[in-house]
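Raw target_19.cif, mmCIF, C-alpha atoms:
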```cif
data_start
#
loop_
_atom_site.label_atom_id
_atom_site.label_comp_id
_atom_site.auth_asym_id
_atom_site.auth_seq_id
_atom_site.Cartn_x
_atom_site.Cartn_y
_atom_site.Cartn_z
CA MET A 1 -14.62 -27.91 9.47
CA GLY A 2 -14.82 -29.58 6.07
CA ASP A 3 -12.51 -29.73 3.10
CA PRO A 4 -10.89 -26.27 2.73
CA ALA A 5 -11.26 -26.36 -1.06
CA ALA A 6 -14.99 -27.16 -0.80
CA ASP A 7 -15.39 -24.55 1.95
CA ASP A 8 -13.84 -21.90 -0.31
CA LEU A 9 -16.17 -22.74 -3.18
CA SER A 10 -19.15 -22.57 -0.85
CA LEU A 11 -18.02 -19.23 0.60
CA ALA A 12 -17.35 -17.84 -2.88
CA ALA A 13 -20.92 -18.73 -3.88
CA LYS A 14 -22.22 -16.81 -0.85
CA LEU A 15 -20.05 -13.76 -1.60
CA ALA A 16 -20.68 -13.73 -5.36
CA PRO A 17 -23.85 -11.54 -5.21
CA PHE A 18 -21.78 -8.71 -3.65
CA VAL A 19 -19.25 -8.57 -6.47
CA ALA A 20 -19.81 -7.23 -10.00
CA GLU A 21 -19.39 -9.78 -12.78
CA ASN A 22 -16.64 -7.77 -14.46
CA ALA A 23 -14.91 -6.70 -11.24
CA VAL A 24 -11.23 -5.79 -11.55
CA PHE A 25 -8.72 -6.94 -8.95
CA LYS A 26 -5.26 -5.36 -8.65
CA PRO A 27 -2.92 -7.37 -6.39
CA PRO A 28 -0.09 -5.92 -4.30
CA THR A 29 2.36 -8.25 -5.98
CA TYR A 30 2.26 -7.54 -9.71
CA TRP A 31 0.89 -4.85 -12.01
CA LYS A 32 -1.39 -6.85 -14.29
CA PRO A 33 -4.95 -6.86 -12.95
CA TRP A 34 -7.37 -9.78 -12.93
CA GLN A 35 -10.80 -9.38 -14.45
CA GLY A 36 -13.90 -11.18 -13.26
CA ARG A 37 -15.77 -11.99 -10.07
CA GLU A 38 -14.40 -15.53 -9.69
CA PRO A 39 -10.67 -14.65 -9.87
CA MET A 40 -11.25 -11.83 -7.35
CA LEU A 41 -13.02 -14.11 -4.90
CA LEU A 42 -10.46 -16.89 -5.37
CA ILE A 43 -7.57 -14.54 -4.66
CA LEU A 44 -9.23 -12.86 -1.67
CA LEU A 45 -10.20 -16.19 -0.10
CA THR A 46 -6.68 -17.53 -0.67
CA VAL A 47 -5.08 -14.44 0.88
CA GLY A 48 -7.46 -14.85 3.80
CA ARG A 49 -6.11 -18.37 4.36
CA VAL A 50 -2.49 -17.21 4.10
CA PHE A 51 -3.03 -14.42 6.65
CA GLY A 52 -5.23 -16.61 8.87
CA SER A 53 -5.88 -15.26 12.36
CA SER A 54 -3.10 -12.65 12.00
CA LEU A 55 -5.40 -10.43 9.88
CA ARG A 56 -6.70 -7.37 11.75
CA TYR A 57 -8.60 -4.47 10.23
CA ARG A 58 -7.55 -1.11 11.67
CA ARG A 59 -8.87 2.23 10.36
CA GLU A 60 -11.36 2.67 7.56
CA TRP A 61 -12.40 5.57 5.42
CA LEU A 62 -15.57 5.88 3.36
CA SER A 63 -16.41 8.40 0.64
CA PRO A 64 -19.47 10.61 1.21
CA ASP A 65 -21.45 8.64 -1.41
CA CYS A 66 -20.48 5.37 0.36
CA ARG A 67 -19.15 3.90 -2.87
CA GLU A 68 -15.42 4.16 -2.18
CA TRP A 69 -13.64 2.70 0.84
CA ALA A 70 -10.08 2.49 2.08
CA LEU A 71 -9.57 -0.26 4.66
CA GLU A 72 -6.28 -0.40 6.56
CA PHE A 73 -5.16 -3.78 7.85
CA THR A 74 -2.22 -5.55 9.41
CA ALA A 75 -1.31 -9.22 8.99
CA GLU A 76 1.59 -11.65 8.94
CA VAL A 77 2.94 -13.93 6.24
CA HIS A 78 5.58 -16.49 7.24
CA GLY A 79 6.09 -14.53 10.46
CA LEU A 80 6.73 -11.25 8.60
CA LYS A 81 4.49 -8.39 9.70
CA LEU A 82 2.83 -6.25 7.06
CA THR A 83 0.50 -3.28 6.71
CA GLY A 84 -1.87 -2.88 3.80
CA VAL A 85 -4.79 -0.89 2.49
CA ASP A 86 -7.71 -2.30 0.50
CA LEU A 87 -9.00 0.27 -1.99
CA VAL A 88 -12.54 -0.77 -2.83
CA ARG A 89 -15.01 0.82 -5.24
CA CYS A 90 -18.65 -0.15 -5.72
CA ASP A 91 -20.75 0.31 -8.86
CA GLU A 92 -24.17 1.96 -9.00
CA SER A 93 -25.89 -1.21 -7.85
CA GLY A 94 -23.64 -1.39 -4.77
CA LYS A 95 -21.55 -4.32 -6.01
CA ILE A 96 -17.77 -4.28 -5.67
CA CYS A 97 -16.36 -3.43 -9.11
CA HIS A 98 -12.75 -2.54 -8.24
CA PHE A 99 -10.47 -3.94 -5.53
CA GLU A 100 -6.85 -2.82 -5.30
CA VAL A 101 -4.40 -3.76 -2.54
CA VAL A 102 -1.31 -1.78 -1.56
CA MET A 103 1.11 -3.10 1.06
CA ARG A 104 4.41 -2.74 2.90
CA PRO A 105 7.15 -3.78 3.44
CA LEU A 106 8.89 -5.36 0.46
CA LYS A 107 9.98 -8.57 2.25
CA ALA A 108 6.46 -9.45 3.36
CA VAL A 109 5.07 -8.76 -0.13
CA GLN A 110 7.78 -10.99 -1.60
CA ALA A 111 6.80 -13.76 0.86
CA LEU A 112 3.14 -13.30 -0.08
CA PHE A 113 4.02 -13.43 -3.78
CA GLN A 114 5.77 -16.80 -3.27
CA GLU A 115 2.96 -18.21 -1.16
CA MET A 116 0.26 -17.14 -3.62
CA GLY A 117 2.30 -18.57 -6.50
CA ARG A 118 2.26 -21.89 -4.65
CA LEU A 119 -1.46 -21.87 -3.82
CA VAL A 120 -3.30 -20.06 -6.61
CA PRO A 121 -2.60 -22.10 -9.76
CA GLU A 122 -3.98 -25.33 -8.24
CA LYS A 123 -7.05 -23.50 -6.97
CA MET A 124 -7.56 -21.86 -10.38
CA GLU A 125 -7.68 -25.32 -11.93
CA LEU A 126 -10.10 -26.58 -9.29
CA TRP A 127 -12.41 -23.59 -9.88
CA GLY A 128 -12.09 -23.90 -13.66
CA ILE A 129 -10.57 -20.43 -14.03
CA SER A 130 -8.22 -19.71 -16.89
CA PRO A 131 -5.12 -17.64 -16.12
CA THR A 132 -6.11 -15.65 -19.23
CA SER A 133 -8.60 -13.85 -16.99
CA LYS A 134 -5.68 -11.53 -16.39
CA LEU A 135 -6.37 -8.30 -18.27
CA MET B 136 16.58 26.49 -10.30
CA GLY B 137 19.47 26.25 -7.86
CA ASP B 138 21.46 23.39 -6.47
CA PRO B 139 18.99 20.51 -5.76
CA ALA B 140 20.73 19.67 -2.46
CA ALA B 141 20.48 23.27 -1.25
CA ASP B 142 16.88 23.48 -2.52
CA ASP B 143 15.98 20.38 -0.49
CA LEU B 144 17.48 21.81 2.67
CA SER B 145 15.61 25.08 2.16
CA LEU B 146 12.32 23.24 1.50
CA ALA B 147 12.87 21.02 4.55
CA ALA B 148 13.28 24.13 6.70
CA LYS B 149 9.97 25.47 5.37
CA LEU B 150 8.16 22.18 6.00
CA ALA B 151 9.68 21.51 9.43
CA PRO B 152 7.02 23.44 11.42
CA PHE B 153 4.32 21.07 10.11
CA VAL B 154 6.05 17.90 11.36
CA ALA B 155 6.34 16.75 14.98
CA GLU B 156 9.90 16.49 16.28
CA ASN B 157 9.53 12.78 17.09
CA ALA B 158 7.55 11.90 13.98
CA VAL B 159 7.71 8.27 12.85
CA PHE B 160 8.10 7.38 9.17
CA LYS B 161 7.37 3.87 7.87
CA PRO B 162 8.61 3.36 4.30
CA PRO B 163 7.03 1.02 1.74
CA THR B 164 10.35 -0.74 1.28
CA TYR B 165 11.39 -2.14 4.67
CA TRP B 166 9.83 -2.75 8.06
CA LYS B 167 12.08 -0.71 10.34
CA PRO B 168 10.68 2.81 10.86
CA TRP B 169 12.63 6.05 10.99
CA GLN B 170 12.23 8.37 13.93
CA GLY B 171 12.56 12.14 13.77
CA ARG B 172 11.41 15.08 11.69
CA GLU B 173 14.60 15.40 9.62
CA PRO B 174 14.76 11.78 8.37
CA MET B 175 11.06 11.97 7.44
CA LEU B 176 11.52 15.18 5.46
CA LEU B 177 14.70 13.91 3.83
CA ILE B 178 12.98 10.72 2.66
CA LEU B 179 9.82 12.45 1.45
CA LEU B 180 11.77 15.09 -0.48
CA THR B 181 13.97 12.38 -2.02
CA VAL B 182 10.95 10.30 -3.04
CA GLY B 183 9.46 13.45 -4.54
CA ARG B 184 12.54 13.84 -6.74
CA VAL B 185 12.47 10.16 -7.78
CA PHE B 186 8.79 10.35 -8.78
CA GLY B 187 9.18 13.79 -10.33
CA SER B 188 6.30 14.96 -12.50
CA SER B 189 4.84 11.42 -12.63
CA LEU B 190 3.36 11.88 -9.13
CA ARG B 191 -0.43 12.38 -9.12
CA TYR B 192 -2.67 12.43 -6.07
CA ARG B 193 -5.98 10.68 -6.68
CA ARG B 194 -8.56 10.10 -3.92
CA GLU B 195 -8.23 11.21 -0.33
CA TRP B 196 -10.02 10.30 2.87
CA LEU B 197 -10.05 12.25 6.10
CA SER B 198 -11.20 11.11 9.54
CA PRO B 199 -14.06 13.09 11.15
CA ASP B 200 -11.61 14.73 13.60
CA CYS B 201 -9.37 15.72 10.64
CA ARG B 202 -6.33 14.12 12.27
CA GLU B 203 -6.04 11.00 10.09
CA TRP B 204 -5.74 11.01 6.32
CA ALA B 205 -5.34 8.42 3.61
CA LEU B 206 -4.01 9.86 0.33
CA GLU B 207 -4.02 7.68 -2.76
CA PHE B 208 -1.42 8.44 -5.42
CA THR B 209 0.06 7.09 -8.61
CA ALA B 210 3.62 7.59 -9.84
CA GLU B 211 6.39 6.01 -11.88
CA VAL B 212 9.86 4.87 -10.97
CA HIS B 213 12.22 3.90 -13.83
CA GLY B 214 9.18 3.73 -16.11
CA LEU B 215 7.35 1.30 -13.79
CA LYS B 216 3.87 2.47 -12.78
CA LEU B 217 2.86 2.23 -9.15
CA THR B 218 -0.08 2.98 -6.87
CA GLY B 219 0.36 3.94 -3.23
CA VAL B 220 -1.42 5.27 -0.20
CA ASP B 221 0.05 7.72 2.31
CA LEU B 222 -1.34 7.05 5.80
CA VAL B 223 -0.86 10.23 7.78
CA ARG B 224 -1.70 10.99 11.39
CA CYS B 225 -1.45 14.36 13.15
CA ASP B 226 -0.90 14.97 16.84
CA GLU B 227 -3.03 17.24 19.03
CA SER B 228 -1.18 20.34 17.85
CA GLY B 229 -1.92 19.46 14.22
CA LYS B 230 1.64 18.39 13.37
CA ILE B 231 2.30 15.21 11.38
CA CYS B 232 3.43 12.57 13.88
CA HIS B 233 3.07 9.36 11.81
CA PHE B 234 3.57 8.81 8.08
CA GLU B 235 3.31 5.34 6.60
CA VAL B 236 3.41 4.47 2.90
CA VAL B 237 1.95 1.33 1.32
CA MET B 238 2.44 0.60 -2.36
CA ARG B 239 2.04 -1.80 -5.28
CA PRO B 240 3.31 -3.62 -7.29
CA LEU B 241 6.40 -5.44 -6.11
CA LYS B 242 8.61 -4.57 -9.12
CA ALA B 243 8.10 -0.84 -8.72
CA VAL B 244 8.77 -1.01 -4.97
CA GLN B 245 11.96 -2.95 -5.68
CA ALA B 246 13.03 -0.26 -8.16
CA LEU B 247 12.23 2.44 -5.59
CA PHE B 248 14.22 0.55 -2.96
CA GLN B 249 17.29 0.51 -5.23
CA GLU B 250 16.91 4.16 -6.17
CA MET B 251 16.50 5.29 -2.56
CA GLY B 252 19.49 3.17 -1.53
CA ARG B 253 21.52 5.07 -4.13
CA LEU B 254 20.32 8.55 -3.14
CA VAL B 255 19.59 8.54 0.60
CA PRO B 256 22.95 7.74 2.27
CA GLU B 257 24.73 10.66 0.58
CA LYS B 258 21.89 13.02 1.50
CA MET B 259 21.92 11.73 5.11
CA GLU B 260 25.56 12.67 5.33
CA LEU B 261 24.92 16.09 3.83
CA TRP B 262 22.10 16.74 6.33
CA GLY B 263 24.14 15.38 9.22
CA ILE B 264 21.64 12.61 9.95
CA SER B 265 22.85 9.38 11.50
CA PRO B 266 21.38 6.13 10.11
CA THR B 267 20.84 5.21 13.76
CA SER B 268 17.74 7.38 13.62
CA LYS B 269 16.10 4.15 12.54
CA LEU B 270 13.99 2.88 15.45
#
```
Please re-express this file's structure in structure tokens.
Amino acid sequence: MGDPAADDLSLAAKLAPFVAENAVFKPPTYWKPWQGREPMLLILLTVGRVFGSSLRYRREWLSPDCREWALEFTAEVHGLKLTGVDLVRCDESGKICHFEVVMRPLKAVQALFQEMGRLVPEKMELWGISPTSKL
Amino acid sequence: MGDPAADDLSLAAKLAPFVAENAVFKPPTYWKPWQGREPMLLILLTVGRVFGSSLRYRREWLSPDCREWALEFTAEVHGLKLTGVDLVRCDESGKICHFEVVMRPLKAVQALFQEMGRLVPEKMELWGISPTSKL
């Protein structure tokens, strides 16, 4: 129960070994992807805080070679229910190299877009990440 | 190469046996689901026309009992690229009983929302479907 910003940095350090250095993250909100492990972790940890305890994973699918997953989830943002799917791909060393999120409905994605726009820039600065990490 | 409206009705009749009568359709655009085979077919055929030849299916996942699929696709609407996943569930008789679509990014879903709002009401009237089919 410490400082949330410090907690996020500590958690990101723990998760870093599972993510490829040049991982690509494609958000549900806009087309342009982010490149790099740190932006991906920052965004995923921030989304995790926005969804909070409303996040529930539902079904999951795994490719026969265990390198591609689809993870269905439900969550709420500002009281708006949403359904989403995480499309995750791992590289040959088993690290996540591609993470794409698709979601419905429009209103909840709009609310998430606003909330992320409020939270992410400050966190980017704190983590020393340049917005030019966008591809 | 006939009348598109007549073609859609003919195609819907061919597809009807594969869809449960009380099937539920959850669109990427708004929360409220549609109930019934005809609204589902109408919406899927209309989306098919909006995407046109830009629609490409990519990866697919199937549950071990073959009753739940996730189908990843890409398409374009008004020149805006999008990625989506169809989440499909079949009932015990093998008919589609649940069809949910999640998508990214926001701009493309907004464009789809506008386009469907332009096309669907007229088609609903033609097919004799009441908008109260929404759950």
Same-sequence overlay, chain B on chain A, C-alpha least squares, as an mmCIF file with C-alpha atoms, in the coordinates of the input:
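To be explicit, this is the file written out as part-v4.cif:
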```cif
data_model
loop_
_atom_site.group_PDB
_atom_site.id
_atom_site.type_symbol
_atom_site.label_atom_id
_atom_site.label_comp_id
_atom_site.auth_asym_id
_atom_site.auth_seq_id
_atom_site.Cartn_x
_atom_site.Cartn_y
_atom_site.Cartn_z
ATOM 1 C CA MET B 136 -14.556 -27.924 9.548
ATOM 2 C CA GLY B 137 -14.806 -29.549 6.134
ATOM 3 C CA ASP B 138 -12.519 -29.712 3.165
ATOM 4 C CA PRO B 139 -10.900 -26.230 2.770
ATOM 5 C CA ALA B 140 -11.276 -26.354 -1.033
ATOM 6 C CA ALA B 141 -14.988 -27.153 -0.781
ATOM 7 C CA ASP B 142 -15.398 -24.529 1.969
ATOM 8 C CA ASP B 143 -13.835 -21.897 -0.305
ATOM 9 C CA LEU B 144 -16.163 -22.741 -3.159
ATOM 10 C CA SER B 145 -19.175 -22.561 -0.848
ATOM 11 C CA LEU B 146 -18.020 -19.212 0.601
ATOM 12 C CA ALA B 147 -17.355 -17.850 -2.897
ATOM 13 C CA ALA B 148 -20.922 -18.729 -3.882
ATOM 14 C CA LYS B 149 -22.216 -16.815 -0.853
ATOM 15 C CA LEU B 150 -20.060 -13.769 -1.610
ATOM 16 C CA ALA B 151 -20.691 -13.727 -5.368
ATOM 17 C CA PRO B 152 -23.848 -11.545 -5.210
ATOM 18 C CA PHE B 153 -21.810 -8.707 -3.655
ATOM 19 C CA VAL B 154 -19.250 -8.569 -6.489
ATOM 20 C CA ALA B 155 -19.825 -7.217 -10.003
ATOM 21 C CA GLU B 156 -19.394 -9.777 -12.777
ATOM 22 C CA ASN B 157 -16.636 -7.755 -14.468
ATOM 23 C CA ALA B 158 -14.913 -6.694 -11.263
ATOM 24 C CA VAL B 159 -11.230 -5.780 -11.551
ATOM 25 C CA PHE B 160 -8.714 -6.945 -8.944
ATOM 26 C CA LYS B 161 -5.256 -5.363 -8.650
ATOM 27 C CA PRO B 162 -2.929 -7.376 -6.397
ATOM 28 C CA PRO B 163 -0.103 -5.916 -4.296
ATOM 29 C CA THR B 164 2.365 -8.247 -5.973
ATOM 30 C CA TYR B 165 2.276 -7.519 -9.714
ATOM 31 C CA TRP B 166 0.927 -4.852 -12.029
ATOM 32 C CA LYS B 167 -1.364 -6.862 -14.295
ATOM 33 C CA PRO B 168 -4.953 -6.857 -12.974
ATOM 34 C CA TRP B 169 -7.377 -9.761 -12.929
ATOM 35 C CA GLN B 170 -10.798 -9.380 -14.459
ATOM 36 C CA GLY B 171 -13.910 -11.184 -13.273
ATOM 37 C CA ARG B 172 -15.768 -11.998 -10.083
ATOM 38 C CA GLU B 173 -14.401 -15.540 -9.695
ATOM 39 C CA PRO B 174 -10.673 -14.668 -9.880
ATOM 40 C CA MET B 175 -11.241 -11.842 -7.374
ATOM 41 C CA LEU B 176 -13.019 -14.120 -4.908
ATOM 42 C CA LEU B 177 -10.478 -16.894 -5.390
ATOM 43 C CA ILE B 178 -7.576 -14.540 -4.656
ATOM 44 C CA LEU B 179 -9.229 -12.869 -1.669
ATOM 45 C CA LEU B 180 -10.205 -16.197 -0.099
ATOM 46 C CA THR B 181 -6.679 -17.535 -0.673
ATOM 47 C CA VAL B 182 -5.093 -14.441 0.877
ATOM 48 C CA GLY B 183 -7.470 -14.858 3.804
ATOM 49 C CA ARG B 184 -6.129 -18.373 4.372
ATOM 50 C CA VAL B 185 -2.495 -17.213 4.096
ATOM 51 C CA PHE B 186 -3.027 -14.426 6.652
ATOM 52 C CA GLY B 187 -5.214 -16.596 8.864
ATOM 53 C CA SER B 188 -5.887 -15.256 12.346
ATOM 54 C CA SER B 189 -3.094 -12.658 11.984
ATOM 55 C CA LEU B 190 -5.401 -10.441 9.882
ATOM 56 C CA ARG B 191 -6.681 -7.357 11.744
ATOM 57 C CA TYR B 192 -8.599 -4.468 10.229
ATOM 58 C CA ARG B 193 -7.548 -1.121 11.674
ATOM 59 C CA ARG B 194 -8.867 2.215 10.353
ATOM 60 C CA GLU B 195 -11.372 2.643 7.566
ATOM 61 C CA TRP B 196 -12.428 5.565 5.417
ATOM 62 C CA LEU B 197 -15.578 5.863 3.361
ATOM 63 C CA SER B 198 -16.401 8.398 0.650
ATOM 64 C CA PRO B 199 -19.475 10.613 1.230
ATOM 65 C CA ASP B 200 -21.452 8.639 -1.395
ATOM 66 C CA CYS B 201 -20.473 5.374 0.377
ATOM 67 C CA ARG B 202 -19.149 3.890 -2.864
ATOM 68 C CA GLU B 203 -15.405 4.158 -2.173
ATOM 69 C CA TRP B 204 -13.646 2.692 0.837
ATOM 70 C CA ALA B 205 -10.096 2.489 2.089
ATOM 71 C CA LEU B 206 -9.564 -0.267 4.681
ATOM 72 C CA GLU B 207 -6.288 -0.396 6.566
ATOM 73 C CA PHE B 208 -5.166 -3.788 7.851
ATOM 74 C CA THR B 209 -2.230 -5.559 9.411
ATOM 75 C CA ALA B 210 -1.315 -9.222 8.989
ATOM 76 C CA GLU B 211 1.588 -11.652 8.935
ATOM 77 C CA VAL B 212 2.935 -13.916 6.246
ATOM 78 C CA HIS B 213 5.589 -16.491 7.255
ATOM 79 C CA GLY B 214 6.088 -14.525 10.474
ATOM 80 C CA LEU B 215 6.734 -11.258 8.591
ATOM 81 C CA LYS B 216 4.492 -8.384 9.694
ATOM 82 C CA LEU B 217 2.837 -6.259 7.048
ATOM 83 C CA THR B 218 0.505 -3.283 6.714
ATOM 84 C CA GLY B 219 -1.869 -2.875 3.788
ATOM 85 C CA VAL B 220 -4.782 -0.888 2.490
ATOM 86 C CA ASP B 221 -7.704 -2.311 0.516
ATOM 87 C CA LEU B 222 -9.009 0.265 -1.979
ATOM 88 C CA VAL B 223 -12.544 -0.756 -2.832
ATOM 89 C CA ARG B 224 -15.017 0.826 -5.219
ATOM 90 C CA CYS B 225 -18.668 -0.140 -5.724
ATOM 91 C CA ASP B 226 -20.737 0.325 -8.853
ATOM 92 C CA GLU B 227 -24.161 1.981 -8.993
ATOM 93 C CA SER B 228 -25.896 -1.201 -7.856
ATOM 94 C CA GLY B 229 -23.662 -1.377 -4.777
ATOM 95 C CA LYS B 230 -21.562 -4.308 -6.017
ATOM 96 C CA ILE B 231 -17.769 -4.276 -5.671
ATOM 97 C CA CYS B 232 -16.364 -3.427 -9.106
ATOM 98 C CA HIS B 233 -12.736 -2.527 -8.242
ATOM 99 C CA PHE B 234 -10.466 -3.935 -5.534
ATOM 100 C CA GLU B 235 -6.857 -2.832 -5.290
ATOM 101 C CA VAL B 236 -4.414 -3.761 -2.529
ATOM 102 C CA VAL B 237 -1.312 -1.782 -1.554
ATOM 103 C CA MET B 238 1.088 -3.095 1.059
ATOM 104 C CA ARG B 239 4.391 -2.747 2.908
ATOM 105 C CA PRO B 240 7.153 -3.778 3.429
ATOM 106 C CA LEU B 241 8.882 -5.363 0.471
ATOM 107 C CA LYS B 242 9.980 -8.572 2.259
ATOM 108 C CA ALA B 243 6.462 -9.455 3.345
ATOM 109 C CA VAL B 244 5.066 -8.771 -0.137
ATOM 110 C CA GLN B 245 7.773 -10.999 -1.604
ATOM 111 C CA ALA B 246 6.806 -13.762 0.838
ATOM 112 C CA LEU B 247 3.135 -13.302 -0.082
ATOM 113 C CA PHE B 248 4.024 -13.446 -3.775
ATOM 114 C CA GLN B 249 5.767 -16.808 -3.281
ATOM 115 C CA GLU B 250 2.952 -18.200 -1.163
ATOM 116 C CA MET B 251 0.255 -17.134 -3.626
ATOM 117 C CA GLY B 252 2.288 -18.564 -6.510
ATOM 118 C CA ARG B 253 2.271 -21.887 -4.654
ATOM 119 C CA LEU B 254 -1.450 -21.888 -3.827
ATOM 120 C CA VAL B 255 -3.291 -20.060 -6.618
ATOM 121 C CA PRO B 256 -2.606 -22.119 -9.782
ATOM 122 C CA GLU B 257 -3.970 -25.333 -8.246
ATOM 123 C CA LYS B 258 -7.057 -23.504 -6.978
ATOM 124 C CA MET B 259 -7.565 -21.876 -10.411
ATOM 125 C CA GLU B 260 -7.666 -25.317 -11.938
ATOM 126 C CA LEU B 261 -10.087 -26.574 -9.308
ATOM 127 C CA TRP B 262 -12.405 -23.592 -9.912
ATOM 128 C CA GLY B 263 -12.079 -23.903 -13.675
ATOM 129 C CA ILE B 264 -10.571 -20.432 -14.038
ATOM 130 C CA SER B 265 -8.210 -19.726 -16.906
ATOM 131 C CA PRO B 266 -5.101 -17.634 -16.120
ATOM 132 C CA THR B 267 -6.073 -15.645 -19.212
ATOM 133 C CA SER B 268 -8.576 -13.855 -17.004
ATOM 134 C CA LYS B 269 -5.662 -11.526 -16.393
ATOM 135 C CA LEU B 270 -6.347 -8.279 -18.271
#
```
Counting all atoms listed in the file, what are the residues of chain B within 8 Å of chain A, and for each of them which pair of atoms is the nearest and at what distance in Å, to one decimal? Sort the table by chain and rising number, as JSON lines.
```
{"residue": "B:Pro162", "atom": "CA", "partner": "A:Pro105", "partner_atom": "CA", "distance": 7.3}
{"residue": "B:Pro163", "atom": "CA", "partner": "A:Arg104", "partner_atom": "CA", "distance": 4.7}
{"residue": "B:Thr164", "atom": "CA", "partner": "A:Pro105", "partner_atom": "CA", "distance": 4.9}
{"residue": "B:Tyr165", "atom": "CA", "partner": "A:Pro105", "partner_atom": "CA", "distance": 4.7}
{"residue": "B:Trp166", "atom": "CA", "partner": "A:Pro105", "partner_atom": "CA", "distance": 5.4}
{"residue": "B:Trp196", "atom": "CA", "partner": "A:Trp61", "partner_atom": "CA", "distance": 5.9}
{"residue": "B:Leu197", "atom": "CA", "partner": "A:Trp61", "partner_atom": "CA", "distance": 7.1}
{"residue": "B:Ser198", "atom": "CA", "partner": "A:Trp61", "partner_atom": "CA", "distance": 7.0}
{"residue": "B:Ala205", "atom": "CA", "partner": "A:Ala70", "partner_atom": "CA", "distance": 7.7}
{"residue": "B:Lys216", "atom": "CA", "partner": "A:Trp31", "partner_atom": "CA", "distance": 7.9}
{"residue": "B:Leu217", "atom": "CA", "partner": "A:Trp31", "partner_atom": "CA", "distance": 7.9}
{"residue": "B:Thr218", "atom": "CA", "partner": "A:Val102", "partner_atom": "CA", "distance": 7.2}
{"residue": "B:Gly219", "atom": "CA", "partner": "A:Val102", "partner_atom": "CA", "distance": 6.2}
{"residue": "B:Val220", "atom": "CA", "partner": "A:Val102", "partner_atom": "CA", "distance": 7.2}
{"residue": "B:Val236", "atom": "CA", "partner": "A:Arg104", "partner_atom": "CA", "distance": 7.3}
{"residue": "B:Val237", "atom": "CA", "partner": "A:Met103", "partner_atom": "CA", "distance": 4.5}
{"residue": "B:Met238", "atom": "CA", "partner": "A:Val102", "partner_atom": "CA", "distance": 4.5}
{"residue": "B:Arg239", "atom": "CA", "partner": "A:Pro28", "partner_atom": "CA", "distance": 4.7}
{"residue": "B:Pro240", "atom": "CA", "partner": "A:Tyr30", "partner_atom": "CA", "distance": 4.7}
{"residue": "B:Leu241", "atom": "CA", "partner": "A:Thr29", "partner_atom": "CA", "distance": 4.9}
{"residue": "B:Lys242", "atom": "CA", "partner": "A:Tyr30", "partner_atom": "CA", "distance": 7.0}
{"residue": "B:Val244", "atom": "CA", "partner": "A:Leu106", "partner_atom": "CA", "distance": 7.0}
{"residue": "B:Gln245", "atom": "CA", "partner": "A:Leu106", "partner_atom": "CA", "distance": 7.3}
```
File of the preceding selection, C-alpha atoms, as a PDB file, in the coordinates of the input:
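Saved to selection_24.pdb:
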```
ATOM      1  CA  PRO B 162       8.610   3.360   4.300  1.00  0.00           C
ATOM      2  CA  PRO B 163       7.030   1.020   1.740  1.00  0.00           C
ATOM      3  CA  THR B 164      10.350  -0.740   1.280  1.00  0.00           C
ATOM      4  CA  TYR B 165      11.390  -2.140   4.670  1.00  0.00           C
ATOM      5  CA  TRP B 166       9.830  -2.750   8.060  1.00  0.00           C
ATOM      6  CA  TRP B 196     -10.020  10.300   2.870  1.00  0.00           C
ATOM      7  CA  LEU B 197     -10.050  12.250   6.100  1.00  0.00           C
ATOM      8  CA  SER B 198     -11.200  11.110   9.540  1.00  0.00           C
ATOM      9  CA  ALA B 205      -5.340   8.420   3.610  1.00  0.00           C
ATOM     10  CA  LYS B 216       3.870   2.470 -12.780  1.00  0.00           C
ATOM     11  CA  LEU B 217       2.860   2.230  -9.150  1.00  0.00           C
ATOM     12  CA  THR B 218      -0.080   2.980  -6.870  1.00  0.00           C
ATOM     13  CA  GLY B 219       0.360   3.940  -3.230  1.00  0.00           C
ATOM     14  CA  VAL B 220      -1.420   5.270  -0.200  1.00  0.00           C
ATOM     15  CA  VAL B 236       3.410   4.470   2.900  1.00  0.00           C
ATOM     16  CA  VAL B 237       1.950   1.330   1.320  1.00  0.00           C
ATOM     17  CA  MET B 238       2.440   0.600  -2.360  1.00  0.00           C
ATOM     18  CA  ARG B 239       2.040  -1.800  -5.280  1.00  0.00           C
ATOM     19  CA  PRO B 240       3.310  -3.620  -7.290  1.00  0.00           C
ATOM     20  CA  LEU B 241       6.400  -5.440  -6.110  1.00  0.00           C
ATOM     21  CA  LYS B 242       8.610  -4.570  -9.120  1.00  0.00           C
ATOM     22  CA  VAL B 244       8.770  -1.010  -4.970  1.00  0.00           C
ATOM     23  CA  GLN B 245      11.960  -2.950  -5.680  1.00  0.00           C
TER      24      GLN B 245
END
```
Within 12 Å of B:Ser188 using all atoms listed in the file, minus same-chain residues under 3 positions, as a list in words: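 Once the adjacent positions are removed, what remains is Val182, Gly183, Arg184, Val185, Arg191, Tyr192, Thr209, Ala210, Glu211 and Val212 of chain B.
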Shell of 8 Å around B:Cys232, only C-alpha atoms, local chain residues under 2 positions omitted, as a list of chain:residue names: B:Val154, B:Ala155, B:Glu156, B:Asn157, B:Ala158, B:Val159, B:Val223, B:Arg224, B:Cys225, B:Asp226, B:Lys230, B:Phe234
Residue members of the PyMOL selection byres ((chain A and resi 40-44) around 8) in the file shown, as a VMD selection string: chain A and resid 8 12 15 to 16 23 to 25 34 to 39 45 to 48 120 123 to 124
In Å and to one decimal, atom CA of B:Asp142 is distant from atom CA of B:Gly187 by 14.6 Å
So how many Å separate atom CA of B:Phe186 and atom CA of B:Gln249, to one decimal?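 If I compute the distance from atom CA of B:Phe186 to atom CA of B:Gln249, I get 13.5 Å.
Taking atom CA of B:Arg193 and atom CA of A:Phe18 as the two end points, the separation is 25.2 Å.
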Please define a box with edges along x, y and z of the file around all atoms of stretch 252-262 of chain B given in the file, extend it by 3 Å on each side, and return its centre and edge lengths in Å to one decimal, as lines of an AutoDock Vina configuration file.
```
center_x = 22.5
center_y = 10.0
center_z = 1.1
size_x = 12.1
size_y = 19.6
size_z = 16.5
```
